[in-house]
>>> print(open('target-v5.cif').read())   # mmCIF, C-alpha atoms
data_data
#
loop_
_atom_site.label_atom_id
_atom_site.label_comp_id
_atom_site.auth_asym_id
_atom_site.auth_seq_id
_atom_site.Cartn_x
_atom_site.Cartn_y
_atom_site.Cartn_z
CA MET A 1200 109.31 88.10 58.42
CA ASP A 1201 108.23 91.21 60.30
CA ASN A 1202 110.38 91.66 63.42
CA ASP A 1203 107.97 94.05 65.07
CA PRO A 1204 108.02 93.08 68.77
CA THR A 1205 104.26 93.62 68.95
CA SER A 1206 103.53 90.93 66.33
CA ALA A 1207 102.41 87.40 67.23
CA SER A 1208 105.13 85.12 68.55
CA ALA A 1209 105.74 81.41 69.11
CA LEU A 1210 108.39 79.12 70.53
CA SER A 1211 109.58 76.42 68.12
CA VAL A 1212 111.39 73.39 69.55
CA ILE A 1213 111.94 70.98 66.66
CA SER A 1214 114.47 68.14 66.50
CA SER A 1215 113.96 67.38 62.80
CA SER A 1216 115.69 69.82 60.42
CA VAL A 1217 113.02 69.16 57.75
CA LEU A 1218 110.15 69.93 60.15
CA ALA A 1219 112.02 72.94 61.49
CA GLU A 1220 112.15 74.41 57.99
CA ASP A 1221 108.43 73.67 57.51
CA VAL A 1222 107.64 75.59 60.69
CA ARG A 1223 109.86 78.54 59.69
CA ARG A 1224 108.09 78.76 56.33
CA ALA A 1225 104.67 78.72 57.99
CA ALA A 1226 105.76 81.36 60.53
CA ALA A 1227 106.96 83.64 57.73
CA ALA A 1228 103.61 83.29 55.98
CA ALA A 1229 101.79 84.01 59.25
CA ASP A 1230 103.97 87.04 60.10
CA CYS A 1231 104.76 85.33 63.40
CA ARG A 1232 108.03 85.89 65.27
CA LEU A 1233 109.64 82.52 65.92
CA GLU A 1234 111.92 81.85 68.88
CA GLU A 1235 114.15 78.80 68.40
CA PRO A 1236 116.18 78.08 71.58
CA ASN A 1237 119.41 76.16 71.59
CA GLY A 1238 119.34 73.30 74.07
CA ARG A 1239 116.67 72.53 76.62
CA VAL A 1240 113.70 74.78 77.34
CA ASP A 1241 113.74 76.13 80.88
CA ARG A 1242 110.62 76.26 83.03
CA LEU A 1243 110.21 80.03 82.74
CA THR A 1244 110.31 79.96 78.93
CA TRP A 1245 107.89 77.03 78.86
CA ASN A 1246 105.39 78.86 81.06
CA ARG A 1247 105.66 82.26 79.42
CA SER A 1248 105.61 81.38 75.70
CA PRO A 1249 102.21 82.24 74.17
CA LEU A 1250 102.39 79.33 71.70
CA ILE A 1251 104.76 76.35 71.51
CA VAL A 1252 105.35 74.21 68.41
CA LEU A 1253 107.03 70.83 69.01
CA ASP A 1254 107.79 67.67 67.11
CA ALA A 1255 107.52 64.29 68.82
CA ASP A 1256 111.18 64.02 69.86
CA ALA A 1257 111.26 67.53 71.31
CA ALA A 1258 107.94 66.94 73.08
CA LYS A 1259 109.30 63.76 74.66
CA GLY A 1260 112.33 65.72 75.86
CA CYS A 1261 110.09 68.34 77.46
CA ILE A 1262 108.06 65.62 79.19
CA ASP A 1263 111.23 63.95 80.48
CA ALA A 1264 112.42 67.35 81.79
CA GLY A 1265 109.24 67.61 83.89
CA GLN A 1266 107.51 70.39 81.96
CA PRO A 1267 103.80 70.45 82.86
CA ARG A 1268 100.86 70.14 80.50
CA ARG A 1269 99.73 73.58 79.36
CA PRO A 1270 97.45 75.13 76.75
CA GLY A 1271 98.85 76.56 73.53
CA VAL A 1272 100.98 73.58 72.45
CA VAL A 1273 100.90 72.24 68.88
CA LEU A 1274 102.71 69.10 67.74
CA VAL A 1275 103.89 68.69 64.13
CA CYS A 1276 104.99 65.47 62.45
CA SER A 1277 106.15 64.26 59.04
CA GLY A 1278 103.31 62.39 57.38
CA PRO A 1279 100.46 60.59 59.17
CA ALA A 1280 100.69 60.54 62.97
CA ASP A 1281 100.93 57.05 64.47
CA VAL A 1282 99.74 55.94 67.89
CA SER A 1283 103.04 56.85 69.60
CA VAL A 1284 102.83 60.44 68.31
CA TRP A 1285 99.29 60.82 69.63
CA GLN A 1286 100.35 59.42 73.00
CA ILE A 1287 103.16 61.97 73.24
CA ALA A 1288 100.78 64.75 72.17
CA THR A 1289 98.36 63.80 74.91
CA SER A 1290 101.13 63.68 77.52
CA VAL A 1291 102.39 67.17 76.67
CA GLY A 1292 98.89 68.65 76.42
CA ALA A 1293 98.97 69.43 72.69
CA THR A 1294 95.72 70.89 71.38
CA ALA A 1295 96.47 69.83 67.79
CA VAL A 1296 98.63 67.39 65.83
CA LEU A 1297 99.45 68.67 62.34
CA GLU A 1298 100.88 66.47 59.59
CA MET A 1299 103.46 68.27 57.49
CA PRO A 1300 103.63 69.41 54.79
CA GLU A 1301 100.00 68.49 54.06
CA GLN A 1302 98.61 70.65 56.88
CA GLU A 1303 100.96 73.61 56.51
CA VAL A 1304 98.02 75.91 55.83
CA ALA A 1305 96.48 74.88 59.15
CA LEU A 1306 99.80 75.65 60.91
CA VAL A 1307 99.85 79.08 59.27
CA GLN A 1308 96.39 79.73 60.69
CA VAL A 1309 97.45 78.63 64.18
CA LEU A 1310 100.56 80.83 64.07
CA SER A 1311 98.56 83.78 62.75
CA ALA A 1312 96.27 83.54 65.76
CA ALA A 1313 99.13 83.33 68.29
CA PRO A 1314 98.78 85.97 71.04
CA GLU A 1315 101.37 88.71 71.38
CA SER A 1316 102.32 87.64 74.91
CA SER A 1317 101.34 85.25 77.67
CA ALA A 1318 98.33 86.13 79.79
CA GLY A 1319 100.06 86.61 83.12
CA ASP A 1320 102.50 89.34 84.04
CA GLY A 1321 103.56 88.11 87.47
CA PHE A 1322 107.18 88.34 88.54
CA ALA A 1323 109.14 86.00 90.82
CA VAL A 1324 112.48 86.59 92.52
CA ALA A 1325 114.42 83.69 94.06
CA VAL A 1326 116.77 84.80 96.87
CA THR A 1327 119.53 82.62 98.29
CA GLY A 1328 122.69 83.09 100.32
CA GLY A 1329 126.28 82.70 99.22
CA ARG A 1330 127.09 81.10 102.56
CA GLY A 1331 125.31 80.23 105.79
CA GLY A 1332 124.20 83.33 107.67
CA ALA A 1333 124.55 85.58 104.64
CA GLY A 1334 121.26 87.30 105.38
CA SER A 1335 119.28 86.02 102.39
CA SER A 1336 116.09 85.38 104.38
CA VAL A 1337 116.22 88.89 105.81
CA PHE A 1338 116.79 90.37 102.35
CA ALA A 1339 113.95 88.28 100.86
CA ALA A 1340 111.60 89.59 103.54
CA ALA A 1341 112.83 93.17 103.03
CA LEU A 1342 112.28 92.87 99.27
CA ALA A 1343 108.70 91.67 99.82
CA LEU A 1344 107.98 94.44 102.35
CA ALA A 1345 109.40 97.10 100.03
CA ALA A 1346 107.35 95.76 97.10
CA ASP A 1347 104.24 95.82 99.29
CA ALA A 1348 104.93 99.42 100.28
CA ARG A 1349 105.22 100.48 96.63
CA ALA A 1350 101.70 99.19 95.91
CA SER A 1351 102.62 98.67 92.25
CA ARG A 1352 101.19 95.13 92.42
CA GLN A 1353 97.80 94.15 93.77
CA ARG A 1354 99.24 91.20 95.71
CA ILE A 1355 102.65 90.20 97.05
CA LEU A 1356 103.65 86.67 98.06
CA LEU A 1357 106.65 85.80 100.24
CA LEU A 1358 107.40 82.11 99.82
CA ASP A 1359 109.66 80.19 102.21
CA GLY A 1360 111.58 77.35 100.57
CA ASP A 1361 114.30 76.85 103.17
CA ARG A 1362 113.31 74.29 105.79
CA ASN A 1363 116.45 75.05 107.81
CA GLY A 1364 115.78 78.77 108.03
CA GLY A 1365 113.58 78.66 111.14
CA GLY A 1366 110.47 79.86 109.30
CA ILE A 1367 110.15 83.17 107.51
CA ASP A 1368 106.90 83.80 109.39
CA LEU A 1369 108.95 83.91 112.61
CA LEU A 1370 111.32 86.42 111.01
CA LEU A 1371 108.35 88.71 110.37
CA GLY A 1372 106.70 88.09 113.75
CA LEU A 1373 103.81 86.17 112.17
CA GLU A 1374 104.41 82.79 113.80
CA ASP A 1375 101.13 82.97 115.75
CA ARG A 1376 98.99 84.05 112.79
CA PRO A 1377 96.57 81.38 111.56
CA GLY A 1378 96.93 79.95 108.09
CA PRO A 1379 98.60 77.02 106.33
CA ARG A 1380 102.31 76.38 106.18
CA TRP A 1381 103.85 74.13 103.55
CA PRO A 1382 102.77 70.75 104.98
CA GLY A 1383 99.21 72.01 105.38
CA LEU A 1384 98.86 73.40 101.86
CA VAL A 1385 96.71 71.02 99.82
CA LEU A 1386 96.99 71.31 96.03
CA GLU A 1387 94.04 69.69 94.30
CA GLY A 1388 95.34 67.94 91.20
CA GLY A 1389 98.68 69.70 91.60
CA ARG A 1390 97.15 73.12 90.91
CA VAL A 1391 96.19 76.16 92.96
CA THR A 1392 94.83 79.63 92.24
CA SER A 1393 96.47 82.77 93.52
CA SER A 1394 93.22 84.12 94.96
CA ALA A 1395 92.66 80.92 96.96
CA LEU A 1396 96.19 81.15 98.35
CA HIS A 1397 95.95 84.77 99.43
CA ALA A 1398 92.57 84.12 101.04
CA VAL A 1399 94.01 81.70 103.61
CA LEU A 1400 97.66 82.65 104.15
CA PRO A 1401 98.93 84.84 107.01
CA ARG A 1402 99.02 88.50 106.00
CA CYS A 1403 101.42 91.33 106.66
CA GLY A 1404 101.30 94.97 105.63
CA ARG A 1405 99.02 96.12 102.81
CA ALA A 1406 98.74 93.01 100.63
CA LEU A 1407 101.63 90.73 101.55
CA SER A 1408 100.84 87.04 102.11
CA VAL A 1409 103.40 84.69 103.63
CA LEU A 1410 103.74 80.97 102.90
CA ALA A 1411 106.28 79.66 105.40
CA CYS A 1412 107.91 76.32 106.06
CA ALA A 1413 106.79 74.49 109.17
CA ARG A 1414 109.28 73.98 111.98
CA THR A 1415 108.09 70.48 112.90
CA GLY A 1416 107.01 67.34 111.09
CA SER A 1417 108.58 65.02 108.54
CA VAL A 1418 107.76 67.29 105.57
CA THR A 1419 108.66 70.90 106.25
CA GLN A 1420 109.37 72.38 102.83
CA PRO A 1421 107.68 72.43 99.42
CA THR A 1422 108.15 69.70 96.88
CA PRO A 1423 109.37 70.94 93.48
CA GLU A 1424 105.90 70.32 92.04
CA ALA A 1425 104.16 72.29 94.80
CA ALA A 1426 106.56 75.22 94.50
CA GLN A 1427 106.12 75.32 90.72
CA ALA A 1428 102.32 75.21 91.06
CA VAL A 1429 102.35 78.21 93.43
CA LEU A 1430 104.68 80.21 91.18
CA ASP A 1431 102.66 79.31 88.08
CA ALA A 1432 99.52 80.61 89.79
CA GLY A 1433 101.23 83.83 90.81
CA HIS A 1434 102.58 84.43 87.32
CA VAL A 1435 99.13 84.03 85.82
CA ALA A 1436 97.54 86.32 88.43
CA GLY A 1437 100.16 89.06 88.11
CA ASP A 1438 101.56 88.67 91.63
CA PHE A 1439 104.99 89.84 92.74
CA MET A 1440 106.63 86.84 94.42
CA VAL A 1441 109.78 86.61 96.53
CA CYS A 1442 111.12 83.14 97.31
CA ASP A 1443 113.69 82.36 100.00
CA VAL A 1444 115.58 79.24 98.88
CA PRO A 1445 118.44 77.21 100.43
CA ARG A 1446 121.93 77.81 99.12
CA HIS A 1447 122.75 74.11 98.58
CA GLY A 1448 120.51 73.92 95.52
CA ASP A 1449 118.27 70.95 96.29
CA LYS A 1450 115.51 69.92 93.88
CA SER A 1451 113.01 72.41 95.29
CA ALA A 1452 115.53 75.25 95.20
CA ARG A 1453 116.43 74.54 91.60
CA ALA A 1454 112.76 74.27 90.60
CA ILE A 1455 112.07 77.67 92.17
CA ALA A 1456 115.12 79.26 90.52
CA GLU A 1457 114.11 77.85 87.14
CA ALA A 1458 110.57 79.20 87.48
CA ALA A 1459 111.69 82.60 88.79
CA ASP A 1460 112.32 85.62 86.60
CA LEU A 1461 115.37 86.69 88.60
CA ALA A 1462 117.69 84.91 91.04
CA VAL A 1463 119.55 86.93 93.69
CA ILE A 1464 122.53 85.72 95.72
CA VAL A 1465 123.25 87.63 98.94
CA VAL A 1466 126.98 87.57 99.67
CA PRO A 1467 128.88 89.18 102.57
CA ALA A 1468 131.93 91.17 101.44
CA GLU A 1469 134.36 88.70 102.99
CA LEU A 1470 136.96 86.54 101.27
CA ARG A 1471 135.74 83.20 102.71
CA ALA A 1472 132.12 84.11 101.98
CA VAL A 1473 132.98 84.77 98.34
CA ALA A 1474 134.86 81.48 98.14
CA ALA A 1475 131.85 79.64 99.57
CA ALA A 1476 129.47 81.50 97.25
CA GLN A 1477 131.12 80.13 94.13
CA ALA A 1478 129.36 76.79 94.58
CA THR A 1479 126.02 78.55 94.99
CA ALA A 1480 126.66 80.77 91.97
CA ALA A 1481 127.42 77.72 89.83
CA TRP A 1482 124.02 76.08 90.29
CA VAL A 1483 122.17 79.40 90.19
CA ARG A 1484 123.74 80.30 86.82
CA GLU A 1485 122.71 76.87 85.55
CA ALA A 1486 119.12 77.18 86.77
CA SER A 1487 118.39 80.84 86.03
CA ALA A 1488 118.84 82.88 82.89
CA ASN A 1489 118.78 86.08 84.96
CA ALA A 1490 120.86 86.20 88.14
CA GLY A 1491 122.76 88.79 90.13
CA VAL A 1492 124.46 89.54 93.43
CA VAL A 1493 123.57 91.70 96.41
CA VAL A 1494 126.75 92.40 98.39
CA ARG A 1495 126.38 92.96 102.13
CA GLY A 1496 128.87 94.89 104.24
CA PRO A 1497 130.92 95.33 106.26
CA SER A 1498 134.09 94.49 104.36
CA PRO A 1499 136.75 93.85 107.02
CA GLY A 1500 139.48 93.34 104.44
CA GLY A 1501 138.40 96.09 102.07
CA LEU A 1502 136.92 93.74 99.47
CA GLY A 1503 134.85 95.82 97.05
CA ALA A 1504 131.31 94.92 96.02
CA GLN A 1505 132.15 94.99 92.31
CA ALA A 1506 135.08 92.64 92.89
CA VAL A 1507 132.73 90.21 94.63
CA ALA A 1508 130.36 90.25 91.65
CA GLU A 1509 133.17 89.82 89.13
CA THR A 1510 134.60 86.87 91.03
CA LEU A 1511 131.20 85.16 90.93
CA ARG A 1512 130.72 86.12 87.27
CA LEU A 1513 127.37 87.74 87.99
CA PRO A 1514 126.16 91.34 87.76
CA MET A 1515 125.96 93.37 90.95
CA LEU A 1516 122.37 94.36 91.66
CA ALA A 1517 122.98 96.28 94.90
CA ALA A 1518 125.48 96.81 97.69
CA MET A 1519 124.54 97.71 101.24
CA ARG A 1520 126.14 98.77 104.48
CA PRO A 1521 125.45 96.86 107.71
CA GLN A 1522 121.91 97.24 109.06
CA PRO A 1523 122.05 98.80 112.56
CA GLY A 1524 120.07 97.01 115.28
CA LEU A 1525 118.99 94.16 113.02
CA ALA A 1526 119.55 91.31 115.49
CA THR A 1527 117.67 93.15 118.22
CA ALA A 1528 114.74 93.86 115.90
CA LEU A 1529 114.48 90.22 114.84
CA ASP A 1530 114.29 89.12 118.47
CA SER A 1531 111.76 91.81 119.39
CA GLY A 1532 108.65 91.12 117.35
CA GLY A 1533 109.99 90.63 113.84
CA LEU A 1534 111.60 92.55 111.01
CA ARG A 1535 110.68 96.22 110.81
CA ILE A 1536 112.68 98.42 108.45
CA ARG A 1537 112.98 102.18 108.20
CA THR A 1538 112.67 103.52 104.66
CA ARG A 1539 116.10 105.16 104.76
CA SER A 1540 117.94 102.16 106.20
CA PRO A 1541 120.64 100.30 104.20
CA LEU A 1542 118.47 97.18 103.92
CA TRP A 1543 115.48 99.10 102.59
CA ARG A 1544 117.59 101.02 100.09
CA ALA A 1545 119.15 97.81 98.76
CA ALA A 1546 115.68 96.30 98.33
CA GLU A 1547 114.52 99.46 96.56
CA ARG A 1548 117.52 99.28 94.24
CA VAL A 1549 116.61 95.74 93.17
CA LEU A 1550 112.97 96.73 92.68
CA ASP A 1551 114.08 99.67 90.51
CA LEU A 1552 116.12 97.29 88.36
CA ILE A 1553 113.18 94.93 88.02
CA GLU A 1554 110.88 97.71 86.90
CA SER A 1555 113.43 98.99 84.37
CA ARG A 1556 113.87 95.68 82.55
CA THR A 1557 111.57 93.33 80.72
CA THR A 1558 111.35 89.77 82.05
CA ASN A 1559 112.85 88.18 78.94
CA LYS A 1560 115.98 90.35 78.90
CA ALA A 1561 119.22 89.26 80.54
CA TRP A 1562 120.41 91.29 83.49
CA ALA A 1563 123.71 92.25 81.94
CA ALA A 1564 126.35 93.70 84.21
#
>>> encode(input="target-v5.cif", output="structure tokens")
Amino acid sequence: MDNDPTSASALSVISSSVLAEDVRRAAAAADCRLEEPNGRVDRLTWNRSPLIVLDADAAKGCIDAGQPRRPGVVLVCSGPADVSVWQIATSVGATAVLEMPEQEVALVQVLSAAPESSAGDGFAVAVTGGRGGAGSSVFAAALALAADARASRQRILLLDGDRNGGGIDLLLGLEDRPGPRWPGLVLEGGRVTSSALHAVLPRCGRALSVLACARTGSVTQPTPEAAQAVLDAGHVAGDFMVCDVPRHGDKSARAIAEAADLAVIVVPAELRAVAAAQATAAWVREASANAGVVVRGPSPGGLGAQAVAETLRLPMLAAMRPQPGLATALDSGGLRIRTRSPLWRAAERVLDLIESRTTNKAWAA
């Protein structure tokens, strides 16, 4: 098979060894690159794959894992499909059910027509703290502001997923701006478009929209389904998204990390902070294929940034000195950052890394 990265590609998740070989043979005939993951398919891979080929058992596993219906799914089976196979195909959103090996030619045609890549080129970063007060909300806001200043994306979205953070709109001085917060965001049928979101959300800077958690009410943070719907819309539309998530790794936090292209843990360069961050790093590594650490000074005991990253078994994305006057700025109208400040430079460093890597490549240390 041609391994040219510009050729058509498909994701094959097949439980049956016989069907798996049928699909490989058809892919070779179609000159289609076939990705065959080991283990479960994460949310990001599910969303980004141009074409997905499943058998009934694998499709049931994807449904049980909460993967949403999507276009570009084909289900293959051995021999005639019975009622249970068609029910599973409907549940997963399959556009075709192909009986193998009788319909191998049809599978070759489907694989030949597979697009080179998914339609959207959005990028999402999930930011969390290694311990309480690590500064993850501030860094998430700084990353969004720096991305907005670069103007490399038409739209930027800062998404607040931490109900105990006080509201990221307050951090930016936008608490009085009109627009929905999480409880007031209505998703028709569990879906939303990026353009509809940006049209109603509070704005900051050039093209930065902010979706914050409310500070009152019984529901003050996104459900996993709502967060995934917003990130799916942003990926399709090509948005750059920054998500502030709680460090304890609740269902919403894990859903965001799974759907994000990169997860960032902000960790102070302190021994107890690093010890506390190990629990956060454990669930982040499980949820995200691409994760790294931003180390924040000062380091009262001389703990180096690289040592922090090595202890957490994650690559170091950036290290930064303390930000002068930060507390005063936050209490005086919201976060405003000078372009040569430590916080801005750390955000720029992460943005540089994002631009230098493709979204399906691990962020090796």
>>> residues_around(input="target-v5.cif", residues="A:Val1309", least_positions_apart="5", cutoff="12 Å", atoms="all atoms listed in the file", output="ChimeraX atom specification")
/A:1207-1209,1222,1225-1226,1228-1231,1249-1252,1271-1275,1294-1297,1302-1304,1314
>>> write_last_selection(input="target-v5.cif", atoms="C-alpha atoms", output="compact mmCIF listing (two decimals), in the coordinates of the input")
# COMPACT_ATOMS: atom_id res chain seq x y z
CA ALA A 1207 102.41 87.40 67.23
CA SER A 1208 105.13 85.12 68.55
CA ALA A 1209 105.74 81.41 69.11
CA VAL A 1222 107.64 75.59 60.69
CA ALA A 1225 104.67 78.72 57.99
CA ALA A 1226 105.76 81.36 60.53
CA ALA A 1228 103.61 83.29 55.98
CA ALA A 1229 101.79 84.01 59.25
CA ASP A 1230 103.97 87.04 60.10
CA CYS A 1231 104.76 85.33 63.40
CA PRO A 1249 102.21 82.24 74.17
CA LEU A 1250 102.39 79.33 71.70
CA ILE A 1251 104.76 76.35 71.51
CA VAL A 1252 105.35 74.21 68.41
CA GLY A 1271 98.85 76.56 73.53
CA VAL A 1272 100.98 73.58 72.45
CA VAL A 1273 100.90 72.24 68.88
CA LEU A 1274 102.71 69.10 67.74
CA VAL A 1275 103.89 68.69 64.13
CA THR A 1294 95.72 70.89 71.38
CA ALA A 1295 96.47 69.83 67.79
CA VAL A 1296 98.63 67.39 65.83
CA LEU A 1297 99.45 68.67 62.34
CA GLN A 1302 98.61 70.65 56.88
CA GLU A 1303 100.96 73.61 56.51
CA VAL A 1304 98.02 75.91 55.83
CA PRO A 1314 98.78 85.97 71.04
>>> atom_distance(input="target-v5.cif", atom1="atom CA of A:Leu1342", atom2="atom CA of A:Gly1329")
17.3 Å
>>> residues_around(input="target-v5.cif", residues="A:Ala1475", least_positions_apart="6", cutoff="12 Å", atoms="only C-alpha atoms", output="PyMOL selection string")
chain A and resi 1328-1333+1446-1447+1464-1469+1481+1507+1510-1511
>>> residues_around(input="target-v5.cif", residues="A:Pro1401", least_positions_apart="5", cutoff="7 Å", atoms="all atoms listed in the file", output="count of residues only")
5
>>> atom_distance(input="target-v5.cif", atom1="atom CA of A:Leu1550", atom2="atom CA of A:Glu1424")
27.3 Å
>>> resolve_selection(input="target-v5.cif", expression="the PyMOL selection byres ((chain A and resi 1522-1536) around 6)", output="ChimeraX atom specification")
/A:1370-1372,1521,1537,1541
>>> resolve_selection(input="target-v5.cif", expression="the PyMOL selection byres ((chain A and resi 1384) around 10)", output="MDAnalysis selection string")
chainID A and resid 1378:1383 1385:1387 1391 1396 1399:1400 1410 1421 1425
>>> resolve_selection(input="target-v5.cif", expression="the PyMOL selection byres ((chain A and resi 1492) around 8)", output="VMD selection string")
chain A and resid 1463 to 1466 1490 to 1491 1493 to 1494 1508 1513 to 1517
>>> atom_distance(input="target-v5.cif", atom1="atom CA of A:Gly1360", atom2="atom CA of A:Val1444")
4.7 Å
>>> residues_around(input="target-v5.cif", residues="A:Ala1258", least_positions_apart="4", cutoff="7 Å", atoms="only C-alpha atoms", output="list in words")
Leu1253, Asp1254, Ile1262, Ile1287 and Val1291 of chain A
>>> closest_residue(input="target-v5.cif", among="A:Ala1436, A:Ala1341, A:Asp1359, A:Leu1430", to="A:Leu1542", atoms="all atoms listed in the file")
A:Ala1341
>>> axis_aligned_box(input="target-v5.cif", around="stretch 1224-1234 of chain A", padding_each_side="8 Å", output="JSON")
{"center_x": 106.9, "center_y": 82.9, "center_z": 62.4, "size_x": 26.1, "size_y": 24.3, "size_z": 28.9}
